[in-house]
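The structure file model.tsv is reproduced below (TSV, C-alpha atoms (C1' of nucleotides)).
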chain	number	residue	atom	x	y	z
M	193	MET	CA	37.90	-69.40	28.65
M	194	GLU	CA	39.02	-66.75	31.10
M	195	SER	CA	41.91	-67.05	33.51
M	196	GLY	CA	43.47	-64.98	36.22
M	197	ALA	CA	45.21	-64.93	39.56
M	198	ILE	CA	44.45	-63.65	43.04
M	199	ARG	CA	47.25	-62.65	45.37
M	200	ILE	CA	46.60	-64.14	48.78
M	201	GLU	CA	48.47	-61.30	50.50
M	202	GLU	CA	45.51	-59.12	49.61
M	203	LEU	CA	43.04	-61.31	51.54
M	204	LEU	CA	42.52	-60.41	55.18
M	205	GLY	CA	43.86	-63.34	57.18
M	206	GLY	CA	45.21	-65.36	54.26
M	207	PHE	CA	43.81	-68.44	52.60
M	208	ASP	CA	44.43	-72.17	52.26
M	209	LEU	CA	42.65	-73.90	49.40
M	210	GLN	CA	43.18	-77.51	50.37
M	211	SER	CA	41.92	-77.25	53.92
M	212	THR	CA	38.97	-75.16	52.75
M	213	VAL	CA	37.70	-77.65	50.17
M	214	GLU	CA	38.85	-80.88	51.88
M	215	SER	CA	37.50	-80.20	55.36
M	216	GLY	CA	34.08	-81.79	54.97
M	217	GLN	CA	32.20	-78.50	54.53
M	218	SER	CA	31.72	-78.78	50.79
M	219	TYR	CA	31.21	-81.89	48.71
M	220	LEU	CA	30.85	-79.96	45.47
M	221	TRP	CA	34.56	-79.59	44.65
M	222	ARG	CA	36.76	-82.31	43.14
M	223	ARG	CA	40.50	-82.73	42.77
M	224	ALA	CA	41.78	-83.32	39.26
M	225	ASP	CA	44.09	-86.07	40.53
M	226	GLY	CA	41.24	-87.75	42.39
M	227	ARG	CA	43.13	-87.70	45.69
M	228	MET	CA	40.65	-85.90	47.90
M	229	TYR	CA	41.24	-86.51	51.62
M	230	GLU	CA	44.39	-88.57	50.96
M	231	SER	CA	47.18	-86.08	51.46
M	232	GLU	CA	48.18	-84.44	54.71
M	233	PRO	CA	46.77	-81.06	55.72
M	234	ALA	CA	48.98	-78.18	54.71
M	235	TYR	CA	50.61	-80.31	51.99
M	236	GLY	CA	48.43	-79.22	49.12
M	237	GLY	CA	50.89	-79.87	46.33
M	238	SER	CA	49.27	-77.18	44.17
M	239	ALA	CA	46.55	-79.61	43.12
M	240	TRP	CA	43.86	-78.36	40.75
M	241	TYR	CA	40.32	-78.35	42.13
M	242	HIS	CA	37.19	-77.81	40.08
M	243	THR	CA	33.48	-77.22	40.52
M	244	VAL	CA	30.47	-76.23	38.42
M	245	VAL	CA	28.01	-73.54	39.51
M	246	ASP	CA	24.99	-72.51	37.43
M	247	GLY	CA	26.52	-74.16	34.37
M	248	GLU	CA	29.83	-72.32	34.71
M	249	ALA	CA	32.97	-74.41	35.19
M	250	LEU	CA	35.73	-73.17	37.44
M	251	ARG	CA	39.06	-74.61	38.41
M	252	VAL	CA	41.66	-73.27	40.77
M	253	ARG	CA	44.98	-74.15	42.36
M	254	GLN	CA	47.09	-72.53	45.03
M	255	VAL	CA	50.78	-71.93	44.52
M	256	GLY	CA	52.68	-71.00	47.66
M	257	GLY	CA	51.54	-70.78	51.26
M	258	PRO	CA	48.51	-69.46	53.11
M	259	ARG	CA	50.01	-65.99	53.57
M	260	GLU	CA	51.96	-65.20	50.42
M	261	GLY	CA	50.65	-67.64	47.83
M	262	THR	CA	48.69	-67.13	44.66
M	263	LEU	CA	45.35	-68.52	43.55
M	264	GLU	CA	45.42	-69.34	39.85
M	265	TRP	CA	42.02	-69.84	38.23
M	266	GLU	CA	40.45	-70.71	34.91
M	267	SER	CA	36.74	-70.49	34.24
M	268	THR	CA	34.03	-70.35	31.60
M	269	GLY	CA	32.69	-67.40	33.57
M	270	ASP	CA	33.92	-64.68	35.93
M	271	GLY	CA	36.35	-66.82	37.93
M	272	ALA	CA	37.41	-64.10	40.35
M	273	ALA	CA	33.83	-63.30	41.30
M	274	LEU	CA	32.90	-66.97	41.59
M	275	LEU	CA	35.90	-67.73	43.80
M	276	THR	CA	35.28	-64.75	46.04
M	277	ASP	CA	31.68	-65.82	46.53
M	278	LEU	CA	32.14	-69.60	46.87
M	279	LEU	CA	35.21	-69.50	49.11
M	280	ARG	CA	34.28	-66.41	51.11
M	281	LEU	CA	37.47	-64.60	50.16
M	282	ASP	CA	35.95	-61.35	51.39
M	283	ASP	CA	35.74	-62.59	55.00
M	284	ASP	CA	38.14	-60.87	57.38
M	285	LEU	CA	39.67	-64.11	58.64
M	286	ALA	CA	42.14	-62.36	60.92
M	287	GLY	CA	39.30	-60.45	62.53
M	288	ILE	CA	37.26	-63.62	62.91
M	289	ARG	CA	40.13	-65.31	64.73
M	290	ARG	CA	40.48	-62.34	67.05
M	291	ARG	CA	36.81	-62.68	67.97
M	292	SER	CA	37.21	-66.42	68.67
M	293	PRO	CA	37.89	-67.89	72.12
M	294	GLU	CA	41.48	-68.38	73.21
M	295	ASP	CA	41.48	-71.83	74.80
M	296	ASP	CA	44.06	-74.48	73.85
M	297	LEU	CA	41.77	-76.56	71.64
M	298	VAL	CA	40.66	-73.61	69.54
M	299	ARG	CA	44.21	-72.28	69.27
M	300	ARG	CA	45.55	-75.65	68.12
M	301	ALA	CA	42.75	-76.01	65.58
M	302	TYR	CA	43.38	-72.54	64.10
M	303	ASP	CA	47.12	-73.19	63.96
M	304	ALA	CA	46.67	-76.57	62.26
M	305	PHE	CA	44.69	-75.17	59.32
M	306	GLU	CA	45.93	-71.66	58.86
M	307	GLY	CA	43.96	-69.90	56.14
M	308	MET	CA	40.98	-72.26	56.10
M	309	ARG	CA	37.77	-70.42	55.26
M	310	LEU	CA	34.14	-71.38	55.34
M	311	VAL	CA	32.43	-71.99	52.00
M	312	ARG	CA	29.28	-70.53	50.47
M	313	ASP	CA	27.92	-73.41	48.43
M	314	PRO	CA	24.67	-73.50	46.42
M	315	PRO	CA	21.70	-74.42	48.65
M	316	PHE	CA	20.26	-77.47	46.91
M	317	GLY	CA	23.60	-79.27	46.49
M	318	THR	CA	24.43	-78.51	50.09
M	319	LEU	CA	21.05	-79.77	51.29
M	320	VAL	CA	21.41	-83.09	49.47
M	321	SER	CA	25.07	-83.46	50.44
M	322	PHE	CA	24.26	-83.23	54.12
M	323	ILE	CA	21.20	-85.47	53.85
M	324	CYS	CA	23.71	-88.01	52.54
M	325	SER	CA	26.12	-87.24	55.39
M	326	ALA	CA	24.14	-89.06	58.10
M	327	GLN	CA	26.34	-91.67	59.78
M	328	MET	CA	28.92	-91.49	57.01
M	329	ARG	CA	32.59	-90.56	56.69
M	330	VAL	CA	33.53	-87.50	54.68
M	331	ALA	CA	35.35	-89.35	51.90
M	332	ARG	CA	32.29	-91.51	51.29
M	333	ILE	CA	29.92	-88.54	51.34
M	334	HIS	CA	32.11	-86.98	48.67
M	335	GLY	CA	31.89	-90.21	46.70
M	336	MET	CA	28.09	-90.23	46.89
M	337	VAL	CA	27.78	-86.62	45.73
M	338	THR	CA	30.26	-87.27	42.93
M	339	ALA	CA	28.17	-90.25	41.81
M	340	LEU	CA	24.97	-88.18	41.86
M	341	ALA	CA	26.63	-85.52	39.70
M	342	ARG	CA	28.02	-88.07	37.28
M	343	GLU	CA	24.68	-89.87	36.87
M	344	TYR	CA	22.23	-86.96	36.94
M	345	GLY	CA	24.20	-83.75	36.49
M	346	ASP	CA	24.80	-81.78	33.32
M	347	PRO	CA	28.29	-82.13	31.81
M	348	VAL	CA	30.36	-79.04	31.09
M	349	GLY	CA	33.21	-79.47	28.68
M	350	PHE	CA	36.33	-77.70	29.86
M	351	ALA	CA	39.68	-78.84	28.48
M	352	GLY	CA	42.85	-77.89	30.24
M	353	PRO	CA	45.61	-78.91	32.60
M	354	GLY	CA	43.58	-81.18	34.84
M	355	ASP	CA	45.27	-84.47	35.61
M	356	ASP	CA	42.09	-86.40	34.96
M	357	GLY	CA	42.37	-85.58	31.29
M	358	ALA	CA	38.64	-86.03	30.83
M	359	GLY	CA	37.89	-82.36	30.37
M	360	THR	CA	34.27	-82.96	31.38
M	361	TYR	CA	32.99	-81.72	34.69
M	362	TYR	CA	29.52	-82.44	36.05
M	363	GLY	CA	27.38	-79.93	37.85
M	364	PHE	CA	25.27	-80.98	40.81
M	365	PRO	CA	21.90	-82.19	39.47
M	366	ALA	CA	18.89	-79.90	39.31
M	367	PRO	CA	16.07	-80.77	41.76
M	368	GLU	CA	13.89	-81.97	38.88
M	369	ARG	CA	16.51	-84.51	37.81
M	370	LEU	CA	16.86	-86.04	41.27
M	371	ALA	CA	13.10	-85.91	41.77
M	372	GLY	CA	12.84	-88.13	38.73
M	373	ALA	CA	15.25	-90.71	40.10
M	374	THR	CA	14.00	-93.81	41.88
M	375	GLU	CA	14.96	-94.90	45.36
M	376	ALA	CA	16.42	-98.10	43.89
M	377	GLU	CA	18.66	-96.15	41.53
M	378	LEU	CA	20.06	-94.07	44.35
M	379	ARG	CA	20.58	-97.15	46.51
M	380	ASP	CA	22.63	-98.57	43.66
M	381	LEU	CA	24.85	-95.48	43.93
M	382	GLY	CA	25.54	-96.39	47.56
M	383	LEU	CA	23.21	-93.94	49.31
M	384	GLY	CA	21.69	-96.68	51.46
M	385	TYR	CA	18.74	-95.67	53.62
M	386	ARG	CA	19.29	-92.01	52.65
M	387	ALA	CA	18.07	-92.71	49.11
M	388	PRO	CA	14.34	-92.10	49.77
M	389	TYR	CA	15.16	-88.97	51.75
M	390	VAL	CA	17.01	-87.50	48.76
M	391	VAL	CA	14.24	-88.37	46.30
M	392	GLU	CA	11.51	-86.92	48.51
M	393	THR	CA	13.42	-83.74	49.33
M	394	ALA	CA	14.24	-83.25	45.63
M	395	ARG	CA	10.50	-83.54	44.88
M	396	MET	CA	9.72	-80.91	47.49
M	397	VAL	CA	12.27	-78.50	46.03
M	398	ALA	CA	11.17	-79.23	42.46
M	399	ASP	CA	7.61	-78.47	43.57
M	400	GLY	CA	8.65	-75.03	44.74
M	401	GLU	CA	9.86	-75.30	48.33
M	402	ASP	CA	13.11	-73.36	48.14
M	403	PRO	CA	15.68	-74.10	50.86
M	404	ALA	CA	17.18	-70.65	50.28
M	405	ALA	CA	13.99	-69.10	51.65
M	406	ALA	CA	15.34	-69.90	55.13
M	407	ALA	CA	17.89	-67.12	54.63
M	408	ASP	CA	15.20	-64.53	55.34
M	409	LEU	CA	14.43	-65.91	58.80
M	410	ALA	CA	16.07	-65.45	62.18
M	411	TYR	CA	18.65	-68.14	62.88
M	412	GLU	CA	16.68	-70.57	65.03
M	413	ASP	CA	13.55	-70.10	62.93
M	414	ALA	CA	15.62	-70.81	59.83
M	415	ARG	CA	16.92	-74.04	61.36
M	416	GLU	CA	13.40	-75.14	62.26
M	417	HIS	CA	12.18	-74.22	58.80
M	418	LEU	CA	14.74	-76.41	57.03
M	419	THR	CA	13.72	-79.48	59.02
M	420	ARG	CA	10.58	-79.63	56.86
M	421	PHE	CA	12.72	-81.37	54.23
M	422	VAL	CA	12.89	-85.15	54.54
M	423	GLY	CA	16.15	-86.38	56.01
M	424	VAL	CA	16.88	-83.00	57.59
M	425	GLY	CA	17.03	-82.69	61.35
M	426	ASP	CA	18.62	-79.96	63.46
M	427	LYS	CA	22.18	-81.00	62.66
M	428	VAL	CA	21.80	-81.16	58.87
M	429	ALA	CA	19.83	-77.92	58.95
M	430	ASP	CA	22.70	-76.23	60.77
M	431	CYS	CA	25.13	-77.44	58.10
M	432	VAL	CA	23.01	-75.90	55.34
M	433	LEU	CA	22.70	-72.65	57.29
M	434	LEU	CA	26.47	-72.48	57.89
M	435	PHE	CA	27.93	-73.75	54.62
M	436	SER	CA	25.39	-72.32	52.20
M	437	LEU	CA	23.15	-69.64	53.66
M	438	GLY	CA	25.74	-67.60	55.54
M	439	PHE	CA	24.61	-68.11	59.13
M	440	LEU	CA	28.06	-67.95	60.69
M	441	GLU	CA	26.59	-68.42	64.16
M	442	ALA	CA	25.37	-71.95	63.32
M	443	VAL	CA	27.18	-74.75	65.17
M	444	PRO	CA	26.23	-78.18	63.79
M	445	LEU	CA	26.23	-80.63	66.73
M	446	ASP	CA	27.75	-83.69	65.13
M	447	THR	CA	29.53	-86.57	66.79
M	448	TRP	CA	32.90	-84.76	66.81
M	449	ILE	CA	31.57	-81.57	68.35
M	450	ARG	CA	29.61	-83.55	70.93
M	451	THR	CA	32.86	-85.28	71.84
M	452	ALA	CA	34.57	-81.88	72.10
M	453	ILE	CA	31.79	-80.70	74.39
M	454	GLU	CA	32.21	-83.76	76.62
M	455	ASP	CA	35.98	-83.43	76.80
M	456	HIS	CA	36.51	-79.66	76.80
M	457	TYR	CA	33.22	-77.82	77.50
M	458	PRO	CA	31.12	-80.14	79.68
M	459	GLY	CA	29.13	-77.20	81.04
M	460	CYS	CA	27.69	-76.65	77.55
M	461	GLU	CA	25.85	-79.98	77.54
M	462	ARG	CA	22.24	-79.03	78.29
M	463	GLY	CA	20.32	-82.13	77.27
M	464	THR	CA	18.56	-80.78	74.18
M	465	TYR	CA	19.90	-79.74	70.79
M	466	ARG	CA	18.42	-76.27	71.13
M	467	GLU	CA	19.92	-75.47	74.52
M	468	THR	CA	23.27	-77.18	73.95
M	469	SER	CA	23.50	-75.28	70.66
M	470	ARG	CA	22.92	-71.98	72.44
M	471	ALA	CA	25.57	-72.76	75.04
M	472	ILE	CA	28.31	-73.87	72.65
M	473	ARG	CA	27.50	-70.98	70.31
M	474	GLU	CA	28.17	-68.60	73.18
M	475	GLN	CA	31.34	-70.53	74.10
M	476	PHE	CA	32.56	-70.30	70.50
M	477	GLY	CA	32.20	-66.56	70.16
M	478	GLY	CA	28.58	-66.02	69.10
M	479	ASP	CA	28.51	-64.65	65.58
M	480	VAL	CA	31.77	-66.39	64.59
M	481	ALA	CA	30.89	-69.69	66.29
M	482	GLY	CA	30.46	-71.51	63.00
M	483	TYR	CA	34.04	-70.71	62.02
M	484	VAL	CA	35.32	-72.00	65.36
M	485	GLN	CA	33.18	-75.12	65.01
M	486	THR	CA	34.59	-75.90	61.57
M	487	TYR	CA	38.19	-75.53	62.70
M	488	VAL	CA	37.60	-77.71	65.78
M	489	PHE	CA	35.67	-80.30	63.75
M	490	ASN	CA	38.42	-80.61	61.17
M	491	TYR	CA	41.14	-80.69	63.80
M	492	LEU	CA	39.53	-83.50	65.78
M	493	ARG	CA	38.44	-85.42	62.70
M	494	THR	CA	41.91	-85.58	61.17
M	495	ARG	CA	43.85	-86.47	64.33
Y	1479	DT	C1'	34.79	-109.11	64.20
Y	1480	DG	C1'	32.43	-105.56	65.97
Y	1481	DC	C1'	32.41	-100.70	65.91
Y	1482	DC	C1'	32.00	-96.35	63.86
Y	1483	DA	C1'	30.92	-92.62	60.61
Y	1484	DG	C1'	29.32	-84.54	60.11
Y	1485	DG	C1'	21.65	-88.58	62.12
Y	1486	DC	C1'	17.02	-89.08	61.00
Y	1487	DG	C1'	12.11	-90.89	60.88
Y	1488	DG	C1'	8.71	-93.27	63.21
Y	1489	DA	C1'	6.72	-95.56	67.17
Y	1490	DT	C1'	6.28	-95.71	71.98
Y	1491	DT	C1'	6.00	-93.92	76.51
C	493	DA	C1'	8.98	-83.90	75.25
C	494	DA	C1'	11.98	-87.63	75.85
C	495	DT	C1'	13.55	-92.14	74.57
C	496	DC	C1'	14.23	-96.29	71.76
C	497	DC	C1'	14.90	-98.54	67.53
C	498	DG	C1'	15.93	-99.59	62.73
C	499	DC	C1'	18.40	-98.24	58.98
C	500	DA	C1'	23.05	-99.20	54.46
C	501	DT	C1'	27.62	-99.64	53.84
C	502	DG	C1'	32.62	-99.57	53.67
C	503	DG	C1'	36.96	-99.12	56.40
C	504	DC	C1'	39.72	-100.21	60.23
Rendering of file as structure tokens:
Amino acid sequence: MESGAIRIEELLGGFDLQSTVESGQSYLWRRADGRMYESEPAYGGSAWYHTVVDGEALRVRQVGGPREGTLEWESTGDGAALLTDLLRLDDDLAGIRRRSPEDDLVRRAYDAFEGMRLVRDPPFGTLVSFICSAQMRVARIHGMVTALAREYGDPVGFAGPGDDGAGTYYGFPAPERLAGATEAELRDLGLGYRAPYVVETARMVADGEDPAAAADLAYEDAREHLTRFVGVGDKVADCVLLFSLGFLEAVPLDTWIRTAIEDHYPGCERGTYRETSRAIREQFGGDVAGYVQTYVFNYLRTR
DNA sequence: TGCCAGGCGGATT
DNA sequence: AATCCGCATGGC
């Protein structure tokens, strides 16, 4: 096992671990104490969080604040490289904020979650997570994804300081494993009407349709391309583009953002997803619009 | 109790 | 192309 530390002072614009992994962007991290989404934003409490990527286990906690704290990590692999990739530690967050609009809502959202970064999660786990997200609260989405990992994922033994004491983490299942599940099994895990969508999309990916292939396309073509997967419309496609494939201009139009448009940017409502998306993307700063969206989403959601 | 949650697929018009 | 409808399920 390797371990190390990253000084947050060295990251442009700081970092806050809790708001990054508990803001409904990623459902692939878990808290050792099991208290995801329970504690207040900016509390943190130096909780350990863990994930598994490509068979490598990684856990991390933040000691101190979003400007002068330290990220302590332990991993079966190169923890520093994994963290930098997964949590976008190389983004210039201060620069991104400078390129964001200055209205009251955006300012309040940035101030409420100082140091929150976007994530760069693996494509298949992100795709399935957001298929599960339809008409569902974030804590329950996290519960569904956790159940899928527990039932179909590969365990990685990793003893240490985690409060769960189990020392076994589960990676998100490979497409072939979920493709082999039955709709009834997934319904028993609480997926409801999303169960057949997950099975069918897993089959498509197992048969060679790679969601990551969208990364080579222009933004709107990439969004259209991802809707080929079952259970994936424009909104879920935007989530995959933003939280996995690095399209920072993507603005998922979910219920919270649609409310924000009604209340704060009524001129951006254009009647169709495509045109409303273009308008709010412009309003939110173009190539940093996805960052603005995620701050506003989390701010409104947790009020 | 009814309403809502990071919507989508399918049928109808 | 736009609109309507059905769909699971737990929390408030």
Against chain M, which residues of chain C fall within 9 Å? For each one I want the closest pair of atoms and the distance in Å (one decimal), counting all atoms listed in the file, rows by chain and increasing residue number, as a Markdown table.
| residue | atom | partner | partner_atom | distance |
| --- | --- | --- | --- | --- |
| C:DC499 | C1' | M:Tyr385 | CA | 6.0 |
| C:DA500 | C1' | M:Gly384 | CA | 4.1 |
| C:DT501 | C1' | M:Gly384 | CA | 7.0 |
| C:DG502 | C1' | M:Arg332 | CA | 8.4 |
Dump of C-alpha atoms (C1' of nucleotides) for the selected residues, as a compact mmCIF listing (two decimals), keeping the file's coordinate frame:
# COMPACT_ATOMS: atom_id res chain seq x y z
C1' DC C 499 18.40 -98.24 58.98
C1' DA C 500 23.05 -99.20 54.46
C1' DT C 501 27.62 -99.64 53.84
C1' DG C 502 32.62 -99.57 53.67
With a distance threshold of 8 Å and counting all atoms listed in the file, extract the residues of chain M near chain Y and express them as a VMD selection string. chain M and resid 216 322 325 to 330 423 to 425 427 444 446 to 448
What's the separation between CA of Leu297 (chain M) and CA of Val488 (chain M), in Å to one decimal place?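 Separation of CA of Leu297 (chain M) and CA of Val488 (chain M): 7.3 Å.
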Mind pulling up the distance from CA of Ile333 (chain M) to CA of Met228 (chain M)?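 One can read the CA of Met228 (chain M) to CA of Ile333 (chain M) distance as 11.6 Å.
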Work out how far apart CA of Ser238 (chain M) and CA of Arg253 (chain M) are and give it in Å to one decimal. 5.6 Å
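Residues with any atom within 12 Å of Glu401 (chain M), counting all atoms listed in the file and excluding same-chain neighbours fewer than 6 positions away, are Pro315, Phe316, Pro367, Glu392, Thr393, Ala394, Arg395, His417, Leu418, Arg420 and Phe421 of chain M.
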